[in-house]
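See below for coords-v4.tsv, which holds TSV, N, CA and C atoms.
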chain	number	residue	atom	x	y	z
A	113	MET	N	4.92	12.16	-9.69
A	113	MET	CA	3.49	12.33	-9.65
A	113	MET	C	3.08	12.46	-8.18
A	114	TYR	N	2.18	13.37	-7.91
A	114	TYR	CA	1.66	13.54	-6.55
A	114	TYR	C	0.39	12.72	-6.39
A	115	ILE	N	0.33	11.92	-5.33
A	115	ILE	CA	-0.89	11.19	-5.02
A	115	ILE	C	-1.29	11.48	-3.58
A	116	HIS	N	-2.57	11.37	-3.29
A	116	HIS	CA	-3.09	11.64	-1.95
A	116	HIS	C	-3.21	10.33	-1.19
A	117	TRP	N	-2.47	10.20	-0.11
A	117	TRP	CA	-2.49	8.99	0.73
A	117	TRP	C	-3.58	9.12	1.79
A	118	ALA	N	-4.32	8.05	2.02
A	118	ALA	CA	-5.40	8.04	3.01
A	118	ALA	C	-4.83	8.06	4.43
A	119	ILE	N	-5.44	8.88	5.26
A	119	ILE	CA	-5.10	8.93	6.68
A	119	ILE	C	-6.39	9.26	7.44
A	120	GLY	N	-6.56	8.65	8.60
A	120	GLY	CA	-7.76	8.89	9.39
A	120	GLY	C	-7.64	10.16	10.22
A	121	ASP	N	-8.73	10.54	10.85
A	121	ASP	CA	-8.74	11.74	11.70
A	121	ASP	C	-7.77	11.61	12.87
A	122	ASP	N	-7.57	10.38	13.34
A	122	ASP	CA	-6.69	10.14	14.49
A	122	ASP	C	-5.34	9.57	14.11
A	123	GLY	N	-4.98	9.62	12.84
A	123	GLY	CA	-3.70	9.08	12.40
A	123	GLY	C	-3.88	7.97	11.39
A	124	TRP	N	-2.85	7.18	11.21
A	124	TRP	CA	-2.88	6.11	10.21
A	124	TRP	C	-3.92	5.06	10.55
A	125	HIS	N	-4.47	4.46	9.51
A	125	HIS	CA	-5.46	3.40	9.68
A	125	HIS	C	-4.79	2.11	10.15
A	126	ARG	N	-5.48	1.35	10.99
A	126	ARG	CA	-5.04	0.02	11.38
A	126	ARG	C	-5.64	-0.94	10.36
A	127	LEU	N	-4.84	-1.85	9.84
A	127	LEU	CA	-5.32	-2.80	8.84
A	127	LEU	C	-6.52	-3.58	9.36
A	128	SER	N	-6.50	-3.97	10.61
A	128	SER	CA	-7.58	-4.78	11.19
A	128	SER	C	-8.91	-4.04	11.26
A	129	GLU	N	-8.89	-2.72	11.15
A	129	GLU	CA	-10.11	-1.91	11.28
A	129	GLU	C	-10.69	-1.47	9.95
A	130	ILE	N	-10.06	-1.83	8.85
A	130	ILE	CA	-10.55	-1.42	7.54
A	130	ILE	C	-11.70	-2.32	7.14
A	131	SER	N	-12.81	-1.70	6.73
A	131	SER	CA	-13.94	-2.48	6.23
A	131	SER	C	-14.02	-2.28	4.71
A	132	CYS	N	-15.04	-2.79	4.13
A	132	CYS	CA	-15.19	-2.77	2.67
A	132	CYS	C	-15.02	-1.36	2.12
A	133	ARG	N	-14.24	-1.23	1.07
A	133	ARG	CA	-14.06	0.05	0.38
A	133	ARG	C	-13.85	-0.23	-1.09
A	134	GLN	N	-14.08	0.78	-1.90
A	134	GLN	CA	-13.95	0.68	-3.35
A	134	GLN	C	-12.73	1.48	-3.80
A	135	GLY	N	-12.26	1.21	-4.99
A	135	GLY	CA	-11.19	1.99	-5.58
A	135	GLY	C	-10.02	1.16	-6.02
A	136	VAL	N	-9.36	1.66	-7.04
A	136	VAL	CA	-8.16	1.03	-7.59
A	136	VAL	C	-6.98	1.92	-7.28
A	137	GLY	N	-5.88	1.33	-6.86
A	137	GLY	CA	-4.70	2.12	-6.56
A	137	GLY	C	-3.60	1.28	-5.95
A	138	VAL	N	-2.80	1.93	-5.10
A	138	VAL	CA	-1.69	1.25	-4.42
A	138	VAL	C	-1.89	1.38	-2.92
A	139	TYR	N	-1.20	0.52	-2.17
A	139	TYR	CA	-1.30	0.57	-0.72
A	139	TYR	C	0.02	0.12	-0.10
A	140	ILE	N	0.23	0.54	1.15
A	140	ILE	CA	1.43	0.19	1.91
A	140	ILE	C	0.98	-0.29	3.29
A	141	ILE	N	1.55	-1.42	3.73
A	141	ILE	CA	1.29	-1.97	5.06
A	141	ILE	C	2.61	-1.96	5.82
A	142	TRP	N	2.61	-1.46	7.07
A	142	TRP	CA	3.85	-1.39	7.84
A	142	TRP	C	3.60	-1.65	9.32
A	143	GLU	N	4.68	-2.01	10.01
A	143	GLU	CA	4.66	-2.22	11.46
A	143	GLU	C	4.86	-0.89	12.17
A	144	ASP	N	4.55	-0.87	13.47
A	144	ASP	CA	4.77	0.34	14.28
A	144	ASP	C	6.23	0.75	14.32
A	145	THR	N	7.13	-0.20	14.11
A	145	THR	CA	8.56	0.10	14.11
A	145	THR	C	8.98	0.88	12.87
A	146	GLY	N	8.09	0.95	11.88
A	146	GLY	CA	8.41	1.62	10.63
A	146	GLY	C	8.79	0.67	9.51
A	147	GLN	N	9.02	-0.60	9.83
A	147	GLN	CA	9.36	-1.59	8.80
A	147	GLN	C	8.18	-1.80	7.86
A	148	VAL	N	8.40	-1.57	6.57
A	148	VAL	CA	7.35	-1.80	5.58
A	148	VAL	C	7.24	-3.30	5.33
A	149	LEU	N	6.03	-3.80	5.49
A	149	LEU	CA	5.77	-5.23	5.31
A	149	LEU	C	5.36	-5.56	3.89
A	150	TYR	N	4.56	-4.69	3.27
A	150	TYR	CA	4.01	-5.01	1.96
A	150	TYR	C	3.66	-3.72	1.22
A	151	ALA	N	3.89	-3.72	-0.07
A	151	ALA	CA	3.42	-2.65	-0.96
A	151	ALA	C	2.76	-3.36	-2.13
A	152	GLY	N	1.53	-2.99	-2.41
A	152	GLY	CA	0.81	-3.68	-3.46
A	152	GLY	C	-0.09	-2.75	-4.24
A	153	SER	N	-0.82	-3.34	-5.18
A	153	SER	CA	-1.72	-2.56	-6.03
A	153	SER	C	-2.90	-3.42	-6.44
A	154	GLY	N	-3.93	-2.76	-6.92
A	154	GLY	CA	-5.12	-3.44	-7.42
A	154	GLY	C	-6.38	-2.84	-6.85
A	155	GLN	N	-7.43	-3.66	-6.75
A	155	GLN	CA	-8.66	-3.26	-6.08
A	155	GLN	C	-8.33	-3.22	-4.59
A	156	VAL	N	-8.11	-2.04	-4.07
A	156	VAL	CA	-7.53	-1.89	-2.74
A	156	VAL	C	-8.36	-2.59	-1.66
A	157	GLY	N	-9.67	-2.44	-1.68
A	157	GLY	CA	-10.51	-3.08	-0.67
A	157	GLY	C	-10.35	-4.59	-0.65
A	158	ASP	N	-10.37	-5.21	-1.82
A	158	ASP	CA	-10.20	-6.67	-1.91
A	158	ASP	C	-8.83	-7.10	-1.39
A	159	CYS	N	-7.80	-6.35	-1.75
A	159	CYS	CA	-6.44	-6.68	-1.31
A	159	CYS	C	-6.31	-6.58	0.20
A	160	LEU	N	-6.87	-5.53	0.79
A	160	LEU	CA	-6.73	-5.34	2.23
A	160	LEU	C	-7.48	-6.42	3.01
A	161	ILE	N	-8.63	-6.85	2.50
A	161	ILE	CA	-9.36	-7.94	3.15
A	161	ILE	C	-8.50	-9.20	3.18
A	162	ARG	N	-7.83	-9.51	2.07
A	162	ARG	CA	-6.94	-10.68	2.03
A	162	ARG	C	-5.82	-10.56	3.07
A	163	HIS	N	-5.23	-9.37	3.17
A	163	HIS	CA	-4.12	-9.17	4.10
A	163	HIS	C	-4.58	-9.22	5.56
A	164	GLN	N	-5.83	-8.85	5.83
A	164	GLN	CA	-6.36	-8.94	7.19
A	164	GLN	C	-6.35	-10.38	7.69
A	165	LEU	N	-6.47	-11.33	6.79
A	165	LEU	CA	-6.51	-12.74	7.15
A	165	LEU	C	-5.12	-13.36	7.33
A	166	ASP	N	-4.09	-12.60	7.03
A	166	ASP	CA	-2.71	-13.09	7.08
A	166	ASP	C	-2.06	-12.65	8.39
A	167	SER	N	-1.67	-13.60	9.22
A	167	SER	CA	-1.11	-13.28	10.54
A	167	SER	C	0.18	-12.47	10.48
A	168	ARG	N	0.87	-12.47	9.34
A	168	ARG	CA	2.10	-11.67	9.23
A	168	ARG	C	1.82	-10.17	9.36
A	169	PHE	N	0.57	-9.78	9.13
A	169	PHE	CA	0.21	-8.36	9.14
A	169	PHE	C	-0.61	-7.97	10.37
A	170	SER	N	-0.65	-8.83	11.36
A	170	SER	CA	-1.39	-8.55	12.59
A	170	SER	C	-0.84	-7.30	13.28
A	171	GLY	N	-1.71	-6.37	13.60
A	171	GLY	CA	-1.31	-5.15	14.28
A	171	GLY	C	-0.71	-4.08	13.38
A	172	ALA	N	-0.70	-4.30	12.08
A	172	ALA	CA	-0.05	-3.37	11.15
A	172	ALA	C	-0.94	-2.16	10.83
A	173	SER	N	-0.29	-1.12	10.35
A	173	SER	CA	-0.97	0.07	9.85
A	173	SER	C	-1.00	0.03	8.33
A	174	VAL	N	-1.89	0.82	7.74
A	174	VAL	CA	-2.04	0.80	6.29
A	174	VAL	C	-2.44	2.18	5.78
A	175	THR	N	-1.99	2.49	4.59
A	175	THR	CA	-2.48	3.65	3.86
A	175	THR	C	-2.61	3.24	2.40
A	176	TRP	N	-3.39	3.99	1.66
A	176	TRP	CA	-3.60	3.69	0.24
A	176	TRP	C	-3.85	4.99	-0.51
A	177	ALA	N	-3.72	4.90	-1.81
A	177	ALA	CA	-4.00	6.03	-2.69
A	177	ALA	C	-4.73	5.50	-3.91
A	178	ASP	N	-5.89	6.08	-4.18
A	178	ASP	CA	-6.66	5.72	-5.38
A	178	ASP	C	-6.24	6.66	-6.51
A	179	PHE	N	-6.05	6.10	-7.69
A	179	PHE	CA	-5.72	6.93	-8.84
A	179	PHE	C	-5.88	6.14	-10.12
A	180	ASN	N	-5.65	6.79	-11.24
A	180	ASN	CA	-5.80	6.20	-12.57
A	180	ASN	C	-5.00	4.91	-12.69
A	181	SER	N	-5.67	3.85	-13.06
A	181	SER	CA	-5.02	2.53	-13.13
A	181	SER	C	-3.89	2.46	-14.15
A	182	ARG	N	-3.79	3.42	-15.02
A	182	ARG	CA	-2.72	3.44	-16.03
A	182	ARG	C	-1.33	3.44	-15.37
A	183	TRP	N	-1.23	4.03	-14.19
A	183	TRP	CA	0.07	4.21	-13.53
A	183	TRP	C	0.33	3.22	-12.40
A	184	ILE	N	-0.61	2.36	-12.11
A	184	ILE	CA	-0.52	1.51	-10.91
A	184	ILE	C	0.77	0.71	-10.82
A	185	TYR	N	1.10	-0.04	-11.86
A	185	TYR	CA	2.25	-0.94	-11.77
A	185	TYR	C	3.57	-0.18	-11.67
A	186	GLY	N	3.66	0.96	-12.33
A	186	GLY	CA	4.86	1.77	-12.23
A	186	GLY	C	5.03	2.37	-10.84
A	187	VAL	N	3.92	2.81	-10.25
A	187	VAL	CA	3.97	3.34	-8.88
A	187	VAL	C	4.32	2.23	-7.90
A	188	GLU	N	3.71	1.06	-8.07
A	188	GLU	CA	4.04	-0.07	-7.20
A	188	GLU	C	5.53	-0.42	-7.31
A	189	ALA	N	6.07	-0.40	-8.52
A	189	ALA	CA	7.50	-0.68	-8.71
A	189	ALA	C	8.35	0.34	-7.96
A	190	TYR	N	7.97	1.61	-8.02
A	190	TYR	CA	8.70	2.66	-7.31
A	190	TYR	C	8.64	2.43	-5.79
A	191	LEU	N	7.46	2.10	-5.28
A	191	LEU	CA	7.32	1.85	-3.84
A	191	LEU	C	8.20	0.68	-3.39
A	192	HIS	N	8.27	-0.35	-4.21
A	192	HIS	CA	9.13	-1.49	-3.87
A	192	HIS	C	10.60	-1.07	-3.81
A	193	GLU	N	11.01	-0.27	-4.75
A	193	GLU	CA	12.41	0.16	-4.80
A	193	GLU	C	12.75	1.06	-3.60
A	194	LYS	N	11.86	1.98	-3.28
A	194	LYS	CA	12.12	2.95	-2.20
A	194	LYS	C	11.94	2.36	-0.80
A	195	LEU	N	10.93	1.51	-0.62
A	195	LEU	CA	10.54	1.07	0.72
A	195	LEU	C	11.04	-0.31	1.11
A	196	LYS	N	11.45	-1.10	0.13
A	196	LYS	CA	11.99	-2.44	0.39
A	196	LYS	C	11.09	-3.28	1.30
A	197	PRO	N	9.83	-3.51	0.93
A	197	PRO	CA	8.94	-4.31	1.78
A	197	PRO	C	9.45	-5.74	1.93
A	198	ILE	N	9.21	-6.33	3.10
A	198	ILE	CA	9.79	-7.65	3.35
A	198	ILE	C	8.91	-8.81	2.89
A	199	HIS	N	7.64	-8.58	2.60
A	199	HIS	CA	6.75	-9.67	2.21
A	199	HIS	C	6.16	-9.51	0.81
A	200	SER	N	6.79	-8.82	-0.07
A	200	SER	CA	6.24	-8.68	-1.42
A	200	SER	C	7.37	-8.58	-2.43
A	201	GLN	N	7.00	-8.87	-3.66
A	201	GLN	CA	7.97	-8.82	-4.75
A	201	GLN	C	7.38	-7.99	-5.88
A	202	ARG	N	8.24	-7.44	-6.69
A	202	ARG	CA	7.75	-6.66	-7.82
A	202	ARG	C	8.29	-7.24	-9.12
A	203	ASN	N	7.66	-6.86	-10.19
A	203	ASN	CA	8.10	-7.25	-11.52
A	203	ASN	C	9.20	-6.28	-11.95
A	204	PRO	N	10.45	-6.72	-12.07
A	204	PRO	CA	11.54	-5.79	-12.41
A	204	PRO	C	11.44	-5.20	-13.81
A	205	ALA	N	10.59	-5.76	-14.66
A	205	ALA	CA	10.46	-5.26	-16.03
A	205	ALA	C	9.58	-4.01	-16.11
A	206	VAL	N	8.88	-3.67	-15.05
A	206	VAL	CA	7.98	-2.53	-15.06
A	206	VAL	C	8.75	-1.26	-14.73
A	207	PRO	N	8.69	-0.23	-15.59
A	207	PRO	CA	9.37	1.03	-15.30
A	207	PRO	C	8.74	1.72	-14.08
A	208	GLN	N	9.56	2.30	-13.25
A	208	GLN	CA	9.09	2.98	-12.05
A	208	GLN	C	8.45	4.32	-12.38
A	209	VAL	N	7.40	4.66	-11.63
A	209	VAL	CA	6.75	5.97	-11.70
A	209	VAL	C	6.89	6.58	-10.31
A	210	PRO	N	7.79	7.55	-10.13
A	210	PRO	CA	7.99	8.15	-8.81
A	210	PRO	C	6.76	8.91	-8.31
A	211	VAL	N	6.49	8.76	-7.01
A	211	VAL	CA	5.40	9.47	-6.35
A	211	VAL	C	5.89	9.96	-5.00
A	212	ASN	N	5.12	10.85	-4.39
A	212	ASN	CA	5.40	11.26	-3.02
A	212	ASN	C	5.08	10.10	-2.08
A	213	LEU	N	5.86	9.94	-1.04
A	213	LEU	CA	5.61	8.91	-0.04
A	213	LEU	C	4.67	9.47	1.03
A	214	PRO	N	3.97	8.61	1.75
A	214	PRO	CA	3.01	9.11	2.73
A	214	PRO	C	3.63	9.74	3.97
A	215	TRP	N	4.93	9.50	4.23
A	215	TRP	CA	5.57	10.02	5.44
A	215	TRP	C	6.39	11.24	5.13
As structure tokens:
Amino acid sequence: MYIHWAIGDDGWHRLSEISCRQGVGVYIIWEDTGQVLYAGSGQVGDCLIRHQLDSRFSGASVTWADFNSRWIYGVEAYLHEKLKPIHSQRNPAVPQVPVNLPW
């Protein structure tokens, strides 16, 4: 499945600079080194606000994709398998739904 990943005019968004936003989908948080820190799903704005308060994600970049909630958990499972984030876990019982990666 093809999804559109958010990117700013000047490149990837910094997690610390994201303000309130609406939408349901998936998101990826990573370090400048390329190490993926977290891949998650849900109400993206609410999730990103929580992660802004977590020092493990200080200085990180973020992207997200809004789409039909029917596919969220399968896409999240795929992101976990492909990206191996270091601070998140997935439910292994959820079938993966492959998507294009943002990079």
Handout entry: Selection: 10 Å around region 133-142 of chain A, only C-alpha atoms, excl. self and same-chain fewer than 5 positions, as a ChimeraX atom specification
Key = /A:115,117-118,125-127,147-161,163,169,171-185,187-188,191-192,195,197-199,213-214
Exercise for the section: Tell me which of A:Ser128, A:Ala189, A:Thr145, A:Tyr114 sits closest to Ser170 (chain A), counting all atoms listed in the file. Expected result: A:Ser128
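Checking A:Glu143, A:Gly186, A:Asp166, A:Asp122 one by one against Val211 (chain A), counting only N, CA and C atoms, you find the shortest gap at A:Gly186.
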Practice task
Would you work out the distance separating atom C of Glu129 (chain A) from atom C of Asp144 (chain A), expressed in Å to one decimal?
Solution key: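 Atom C of Asp144 (chain A) lies 17.6 Å from atom C of Glu129 (chain A).
Atom N of Lys196 (chain A) to CA of Pro210 (chain A) spans 13.3 Å [interatomic distance, one decimal].
A straight line drawn from atom C of Arg168 (chain A) to atom N of Gln201 (chain A) is 14.1 Å long.
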Practice task
Based on DSSP run over this structure's backbone, return all residues of region 136-214 of chain A in strand (DSSP E or B), as a list of chain:residue names.
Solution key: A:Val136, A:Gly137, A:Val138, A:Tyr139, A:Ile140, A:Ile141, A:Trp142, A:Val148, A:Leu149, A:Tyr150, A:Ala151, A:Gly152, A:Ser153, A:Gly154, A:Gln155, A:Ser173, A:Val174, A:Thr175, A:Trp176, A:Ala177, A:Asp178
Exercise for the section: Determine which residues of chain A receive a DSSP assignment of alpha helix (DSSP H), computed from the backbone, and state them as JSON, numbers by chain. Expected result: {"A": [156, 157, 158, 159, 160, 161, 162, 163, 164, 184, 185, 186, 187, 188, 189, 190, 191, 192, 193, 194, 195]}
